[in-house]
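Reviewing the structure listed below.
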Amino acid sequence: MTDSTAKIFIDTHRTIADISPLLFGGFVEHMGRCVYEGIYDPASPLADANGLRTDVMEALREQKYSVMRYPGGNFLSGYNWLDGVGPKADRPRRRELAWQSIETNQFGTNEFIDFCKAINTKPMLAVNMGTGTIESAGNLVEYCNAPTGSYWADLRASHGYRDPHAVEYWCVGNEMDGPWQIGHLEAEAYGLKALEAAKMMKWQDPSIKTVLCGSSNDRMPTYPEWDRVALEIAWEKVDYHSIHYYAQNQEDDTASYLALPIDLENYVDTVAATLRYAKAKRRSKHDVYLSWDEWQVWYKDRSGRGNWTEAPHLSEEIYNLEDALLVAQWLNVFLRKSDVLKVACVAQVVNIISWLHTRKDGLLKQVSFYSFQLMSNMAKGKALDLLVQSPRHATQRYGDVPHLDVSASYDEASGSQALFVVNRSQTETVHTELVWQGGAPQRVQETWQLAGNDPKAANSWEQPNLLTAKKIANPSVQDGKIALSLPPLSFTAISLA
Ligand code: AHR
C-alpha cells in the first residue's frame, strides 16, 4: 500500500444543471421473486394487511425512491393489464413467456399504486408494445387517470378506486429493439407504433409524460441508428428516451471494471448527441431528455427460465465491494450528466438483480444498497462542475485512469453541499485536499464511508453487516479547505453547510 495526493476544486457558482429527483428511481418487474416473495408476500409473517412486505417497504423508504417503473421489462411485452385488475379470485393464471414462469396475477396495477403510496414514490407505468395494441395503451391511461363517467374509468371505480391514480410517467413499450422481446419491431415500425400509442395516451390525458424505447445497450448492432430512427418519427409525442445498461466483470479485471464510467459517459454522450440531431432535423422546439430506466450490475447469475413455476429464484445476484463502488460511480455519472439525464431506475429493487434479498422472515441488505442510499438521501439541488487533479493508475481496457471519481451537489435554498468520492485505486490511500474557489462551507455536517480491502467481499445471511456505510469523524474546514484521507477501494460521502 502506498500514498498519493489529489486536489478537488469546488465552486458553487460552477453548476451543471438541476439534479432531477427522478434520478433515484427503481424498477419492479414481474420476474422471479421481485413482486411475489419480494414486495408482495401475504404468506410472510412480515406482510401487512394488504400482503405487502413491511421490512422491504422500510428498506425502500430508507433508499428514498422517487419513482418506480412497473410492470416490466420483458414481461411487459406479453402482458394484458386487464389480467391484473378486478377481484383476485377471477384473475387468470397464465404462462408467462418472457421468463417461462407462471403468473398468478394476484398483484396488478391497483396493488402497485397502493404500494407506491405506501413508500411515497411516484408510479411510472408501461404500456405493452409487443402483443399490445395502441388501443389497449390508451385504455390503460383512461383506466388509471380519467375521472369516472366513462367505461374504463368506471371499471376502475368498480374495482374500488374511485379517484384517478394520476400516473404521470408512461413508458411506451420495453426494449423493442431486442430480438428477444415478445413482438420485437424494427426501428421504423416501432417509431410509428409508439407515435400512435403516445398520441392516444396523451389524448386521454394531456398532462402525462411518455418515454420512448431506445437501444437496449451500446453493444446492440442497431445502436445508435435505432435511436435516431425512432426518435425522428415519434419526437413530438415523447418526453424522454430510454437507455438501459447492465455492467459486467466477466474477465475478473477489477481495475478495468472500476473504470467502466468512461463507457457509461460515452453512452450518454452519444445518445444525447442523437437527441440533438433529431431535434434539429425535426426543426422542433420540443425537448426530449434521457431516462436510464434500467441499470445495475448483472453477470454472476443470469438465470431467466422459471420452468413454469411461480416466483422462481432467478438472477438473484450477489453484490460485492467492487460492485458497490461501481454503483457509487454510476450515480456520480448521473450527477455529472444531469443536464440531459432526468430519470433513472435501478433494475430491480428486490431479489431480482437486486441489493435486497428476502427470506420468508428476513431481509438481507447487500453492500451496494448503501451506495444508493447515501446518494439518494444526500444529493440535492444542482450538480457542480468540479476540477479534479488526481493521481492515475493503469487499466487494461482504458489505459491510465484517475484514482478518484467524483461528483458534488449544491442546494441553494438550504445552503448545503454534498461531495461523493470513489477512490478506485486498489493500493493507494489518496490524501485529498478539497479547495473551494467560491461558496466555501462553514462546517462539515456528516461524513460517511464504505471501504474494505477485498473487492470481492460481500454481505451474506451469515454475515449481513460485513460491509456497511459507516459514519466517520468529520474533517474540519480551514481557510476554505478540507483535508481528507481516502483509503483504497472506498466511497466517501460528505455533507457540508
Ligand atoms: O431487468 C431484467 C430484464 O433486463 C428486463 O426485463 C429487460 O428489459 C432487460 O433486458
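Labels for the C-alpha cells follow display order: chains A, B, ..., residues from 1 in each chain, ligands from 1.
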
Worksheet entry | Contacts of ligand 1, 6 Å or closer, only C-alpha atoms and all ligand atoms, given as number ranges by chain | A: 72-74, 174-175, 347

How about saving the chosen residues, N, CA, C and O atoms kept, as a compact mmCIF listing (two decimals), in the first residue's frame?
```txt
# COMPACT_ATOMS: atom_id res chain seq x y z
N GLY A 72 -42.79 -4.12 -16.27
CA GLY A 72 -41.62 -4.73 -16.93
C GLY A 72 -41.03 -3.71 -17.85
O GLY A 72 -41.58 -2.62 -18.00
N GLY A 73 -39.90 -4.04 -18.39
CA GLY A 73 -39.23 -5.30 -18.55
C GLY A 73 -39.85 -6.17 -19.68
O GLY A 73 -40.86 -5.84 -20.28
N ASN A 74 -39.12 -7.24 -19.95
CA ASN A 74 -39.54 -8.16 -21.00
C ASN A 74 -40.93 -8.74 -20.72
O ASN A 74 -41.67 -9.08 -21.64
N ASN A 174 -41.05 -1.71 -24.05
CA ASN A 174 -39.78 -2.04 -23.39
C ASN A 174 -38.83 -2.70 -24.38
O ASN A 174 -39.22 -3.66 -25.05
N GLU A 175 -37.62 -2.20 -24.47
CA GLU A 175 -36.54 -2.82 -25.28
C GLU A 175 -37.06 -3.39 -26.60
O GLU A 175 -36.79 -4.55 -26.92
N ALA A 347 -32.47 -1.50 -11.72
CA ALA A 347 -33.20 -2.72 -12.04
C ALA A 347 -32.52 -3.88 -11.32
O ALA A 347 -31.41 -4.23 -11.70
```

With 7 Å as the cut-off and only C-alpha atoms counted, what is the closest atom pair between each nearby residue of stretch 66-89 of chain A and stretch 114-137 of chain A? Distances in Å to one decimal, ordered by chain and number, as JSON lines.
```
{"residue": "A:Ser66", "atom": "CA", "partner": "A:Thr121", "partner_atom": "CA", "distance": 4.9}
{"residue": "A:Val67", "atom": "CA", "partner": "A:Lys122", "partner_atom": "CA", "distance": 4.4}
{"residue": "A:Met68", "atom": "CA", "partner": "A:Pro123", "partner_atom": "CA", "distance": 5.1}
{"residue": "A:Arg69", "atom": "CA", "partner": "A:Met124", "partner_atom": "CA", "distance": 4.5}
{"residue": "A:Tyr70", "atom": "CA", "partner": "A:Leu125", "partner_atom": "CA", "distance": 5.2}
{"residue": "A:Pro71", "atom": "CA", "partner": "A:Ala126", "partner_atom": "CA", "distance": 6.7}
{"residue": "A:Leu76", "atom": "CA", "partner": "A:Asn128", "partner_atom": "CA", "distance": 5.5}
{"residue": "A:Ser77", "atom": "CA", "partner": "A:Gly130", "partner_atom": "CA", "distance": 4.4}
{"residue": "A:Gly78", "atom": "CA", "partner": "A:Thr131", "partner_atom": "CA", "distance": 5.6}
{"residue": "A:Tyr79", "atom": "CA", "partner": "A:Asn128", "partner_atom": "CA", "distance": 6.6}
```

Discussion item. Which residues are close to A:Ser284, i.e. within 9 Å by only C-alpha atoms, leaving aside same-chain residues fewer than 4 positions away? Reply as number ranges by chain.
Written reply: A: 235-236, 278-280

Worksheet item: Neighbours of stretch 97-105 of chain A within 6 Å (only C-alpha atoms; same-chain residues fewer than 4 positions away dropped), as a ChimeraX atom specification?
Response: /A:74-75,84,93,304-310

How would the residues just chosen look if you wrote them out with N, CA, C and O atoms as a short mmCIF file (atom, residue, chain, number, x, y, z; two decimals), in the first residue's frame?
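So the final result, stored in selection_20.cif, reads:
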```cif
data_model
loop_
_atom_site.label_atom_id
_atom_site.label_comp_id
_atom_site.auth_asym_id
_atom_site.auth_seq_id
_atom_site.Cartn_x
_atom_site.Cartn_y
_atom_site.Cartn_z
N ASN A 74 -39.12 -7.24 -19.95
CA ASN A 74 -39.54 -8.16 -21.00
C ASN A 74 -40.93 -8.74 -20.72
O ASN A 74 -41.67 -9.08 -21.64
N PHE A 75 -41.29 -8.84 -19.44
CA PHE A 75 -42.62 -9.30 -19.04
C PHE A 75 -43.71 -8.46 -19.71
O PHE A 75 -44.74 -8.97 -20.15
N GLY A 84 -54.69 -8.24 -14.49
CA GLY A 84 -54.23 -7.90 -13.14
C GLY A 84 -55.12 -6.92 -12.39
O GLY A 84 -54.67 -6.31 -11.42
N ARG A 93 -54.57 -17.43 -14.15
CA ARG A 93 -53.19 -17.93 -14.05
C ARG A 93 -52.69 -18.09 -15.47
O ARG A 93 -53.34 -18.73 -16.28
N GLY A 304 -32.84 -17.04 -16.24
CA GLY A 304 -34.05 -16.35 -16.68
C GLY A 304 -35.17 -17.29 -17.09
O GLY A 304 -36.14 -16.85 -17.69
N ARG A 305 -35.03 -18.57 -16.78
CA ARG A 305 -36.09 -19.52 -17.16
C ARG A 305 -36.72 -20.10 -15.89
O ARG A 305 -36.04 -20.76 -15.10
N GLY A 306 -37.99 -19.85 -15.72
CA GLY A 306 -38.65 -20.26 -14.49
C GLY A 306 -39.24 -21.66 -14.51
O GLY A 306 -39.85 -22.08 -13.53
N ASN A 307 -39.11 -22.38 -15.64
CA ASN A 307 -39.65 -23.75 -15.77
C ASN A 307 -41.11 -23.84 -15.33
O ASN A 307 -41.50 -24.78 -14.65
N TRP A 308 -41.86 -22.82 -15.68
CA TRP A 308 -43.31 -22.79 -15.43
C TRP A 308 -43.67 -22.97 -13.96
O TRP A 308 -44.58 -23.72 -13.61
N THR A 309 -42.88 -22.30 -13.11
CA THR A 309 -43.23 -22.29 -11.68
C THR A 309 -43.57 -20.85 -11.27
O THR A 309 -43.26 -19.90 -11.98
N GLU A 310 -44.19 -20.73 -10.10
CA GLU A 310 -44.50 -19.40 -9.55
C GLU A 310 -43.28 -18.86 -8.82
O GLU A 310 -42.61 -19.61 -8.10
#
```

Worksheet item: Which residues come within 12 Å of A:Ala146, counting only C-alpha atoms, excluding same-chain residues fewer than 5 positions away, as a list in words?
Response: Gly138, Asn139, Leu140, Val141, Tyr151, Trp152, Ala153, Asp154, Leu155, Arg156, Ala157, Tyr161, Arg162, Asp163, Pro164, His165, Ala166, Val167, Met201, Lys202, Trp203, Gln204, Asp205, Pro206, Ser207 and Ile208 of chain A
